[in-house]
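Just below is one structure, and these are the notes that go with it.
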Amino acid sequence: MPFYHKLGDIPKKRHTIFRKPNGDLYYEQLFGTIGFDGMSSNLYHEHRPTQVKKIVKQYSIAPKVAKANNLKSYKFTGFDVPAEGDYLDSRKIILTNNDCNIILAAPKKSLRDYFYKNTDADEVLFIHKGTGTLRTHMGNLTFSYGDYLVIPRGMIYQIDFNTEDNRLFIVESYSPVYTPKRYRNWFGQLLEHSPFCERDIRRPSELETHDEKGEFLMKIKKQNDIIEVVYATHPFDVVGYDGFNYPYAFSIHDFEPITGRIHQPPPVHQTFETNAFVICSFVPRLYDYHPDSIPAPYNHSNIDSDEVLYYVDGDFMSRNDVDAGHISLHPAGIPHGPHPGAAERSIGETKTEELAVMVDTFKPLKVTEEAMKIADETYHTSWLD
């Protein structure tokens, strides 16, 4: 994130002596991205963060692609993905390319038996159902319906769920996830026309510090493999840190929509960006107020990007027969637009209660075998009069 955060105890200067009450040194770690050029934080550990006892096993979790070159529009019934106990087992990649994975998950149990670290990608977890706490080595964040949890690559975490009824929409990004640059000034501050500001972003406020030795299993994702590593000390042993690289939460309910006299294009809904795709939030808002406006979106051609819409709640005015948990894929190369009757229905309406998350990728998405299990094969014909 483009603003500074400090939590716990740290020395006055970086890379200087910082001693425990017994006189031993704390162990400093630079936790950064893009070499030494990106966001970073300085962490201070009770123990060396490098103490590996053994590597247990390694196995692939690479997605199995069903359609590598796709020009067909699909609708997927996300809630048909079965719930599973284990957090990692529950994550099903439905769409993929070299820049990102789009994942559905319905974990029933808290992640407590091991720690997880994704070294491949930043993760954006959208909480559709469930409440709980994201526990990380850089502090904890409570979450509930509508929260985005942004977890930078390399973050060590566990998740506590309060119930077994949990539904997550997850985007893994192989490039860093940022707030849109057009909403920031040259210092990184979010500007007045931004649909959210720093007050809306929840940073870790509770640091969970364990001074423990033993055997601690960590499952590390690297190049589509899970590598199980046993560490000699508890991964949550940080006593303090400061910097710009940390997990944070943002609620879709705090996104303030930008509206106009006529229909506004999708970029006004943008919430996050990478160099390979964007994430947008469609939220309840007033419709366009020109006397002759058509609130429904106009037909547009996907020439340079695939569009994925995850339907969260409400009545999505441009679509017929969609429900919570449905996902639409409109691939690059063909036009798409409102379903028959949607434009006419929208005339004269004053507001919408829709809630949805959109991912627009600049490279084509491949459809996986997991996606085909929940696919509506007739969706592409639903625009026929």
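We label chains A, B, ... in the order they appear in the structure tokens, count residues from 1 in each chain, and number ligands from 1 in the order shown.
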What are the DSSP helix (DSSP H, G or I) residues of range 175-241 of chain A, as a list in words?
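Residues meeting the helix (DSSP H, G or I) criterion: Lys181, Arg182, Tyr183, Glu198, Arg199 and Asp200 of chain A.
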Using only C-alpha atoms, I'd like a table of the residues in range 153-211 of chain A that come within 12 Å of range 351-371 of chain A; for each, show the closest atom pair and its distance in Å rounded to one decimal, ordered by chain and ascending number, as JSON lines.
{"residue": "A:Leu168", "atom": "CA", "partner": "A:Val357", "partner_atom": "CA", "distance": 11.8}
{"residue": "A:Phe169", "atom": "CA", "partner": "A:Val357", "partner_atom": "CA", "distance": 9.0}
{"residue": "A:Ile170", "atom": "CA", "partner": "A:Val357", "partner_atom": "CA", "distance": 10.6}
{"residue": "A:Val171", "atom": "CA", "partner": "A:Val359", "partner_atom": "CA", "distance": 8.6}
{"residue": "A:Glu172", "atom": "CA", "partner": "A:Val359", "partner_atom": "CA", "distance": 11.4}
{"residue": "A:Ser173", "atom": "CA", "partner": "A:Thr361", "partner_atom": "CA", "distance": 10.8}
Can I get the residues of range 272-383 of chain A within 9 Å of range 75-95 of chain A, each with the closest pair of atoms and their distance in Å to one decimal, using only C-alpha atoms, sorted chain first then ascending number, as a Markdown table?
| residue | atom | partner | partner_atom | distance |
| --- | --- | --- | --- | --- |
| A:Tyr310 | CA | A:Gly78 | CA | 8.6 |
| A:Val322 | CA | A:Lys75 | CA | 8.7 |
| A:Asp323 | CA | A:Thr77 | CA | 8.5 |
| A:Ala324 | CA | A:Phe79 | CA | 8.1 |
| A:Gly325 | CA | A:Gly78 | CA | 4.8 |
| A:His326 | CA | A:Thr77 | CA | 4.7 |
| A:Ile327 | CA | A:Phe76 | CA | 5.0 |
| A:Ser328 | CA | A:Lys75 | CA | 4.4 |
| A:Leu329 | CA | A:Lys75 | CA | 6.3 |
| A:His330 | CA | A:Lys75 | CA | 9.0 |
| A:Leu365 | CA | A:Leu95 | CA | 5.9 |
| A:Lys366 | CA | A:Leu95 | CA | 5.6 |
| A:Val367 | CA | A:Leu95 | CA | 5.0 |
| A:Thr368 | CA | A:Ile94 | CA | 5.2 |
| A:Glu369 | CA | A:Ile94 | CA | 7.4 |
| A:Glu370 | CA | A:Ile94 | CA | 5.5 |
| A:Ala371 | CA | A:Ile94 | CA | 4.5 |
| A:Met372 | CA | A:Phe76 | CA | 8.0 |
| A:Lys373 | CA | A:Val81 | CA | 8.5 |
| A:Ile374 | CA | A:Phe76 | CA | 5.3 |
| A:Ala375 | CA | A:Phe76 | CA | 4.5 |
| A:Asp376 | CA | A:Lys75 | CA | 5.3 |
| A:Glu377 | CA | A:Lys75 | CA | 7.7 |
| A:Thr378 | CA | A:Lys75 | CA | 8.5 |
| A:Tyr379 | CA | A:Lys75 | CA | 5.9 |
| A:His380 | CA | A:Lys75 | CA | 8.4 |
Just the number, please: distance in Å from CA of Gly214 in chain A to CA of Glu28 in chain A, one decimal.
21.0 Å
Can you tell me, as a list of chain:residue names, which residues in range 252-345 of chain A count as strand (DSSP E or B) by DSSP?
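Residues of range 252-345 of chain A classed as strand (DSSP E or B): A:Gln270, A:Thr271, A:Phe272, A:Glu273, A:Phe277, A:Val278, A:Ile279, A:Cys280, A:Ser281, A:Phe282, A:Arg285, A:Leu286, A:His300, A:Ser301, A:Asp306, A:Glu307, A:Val308, A:Leu309, A:Tyr310, A:Tyr311, A:Val312, A:Asp313, A:His326, A:Ile327, A:Ser328, A:Leu329, A:His330, A:Pro335, A:His336.
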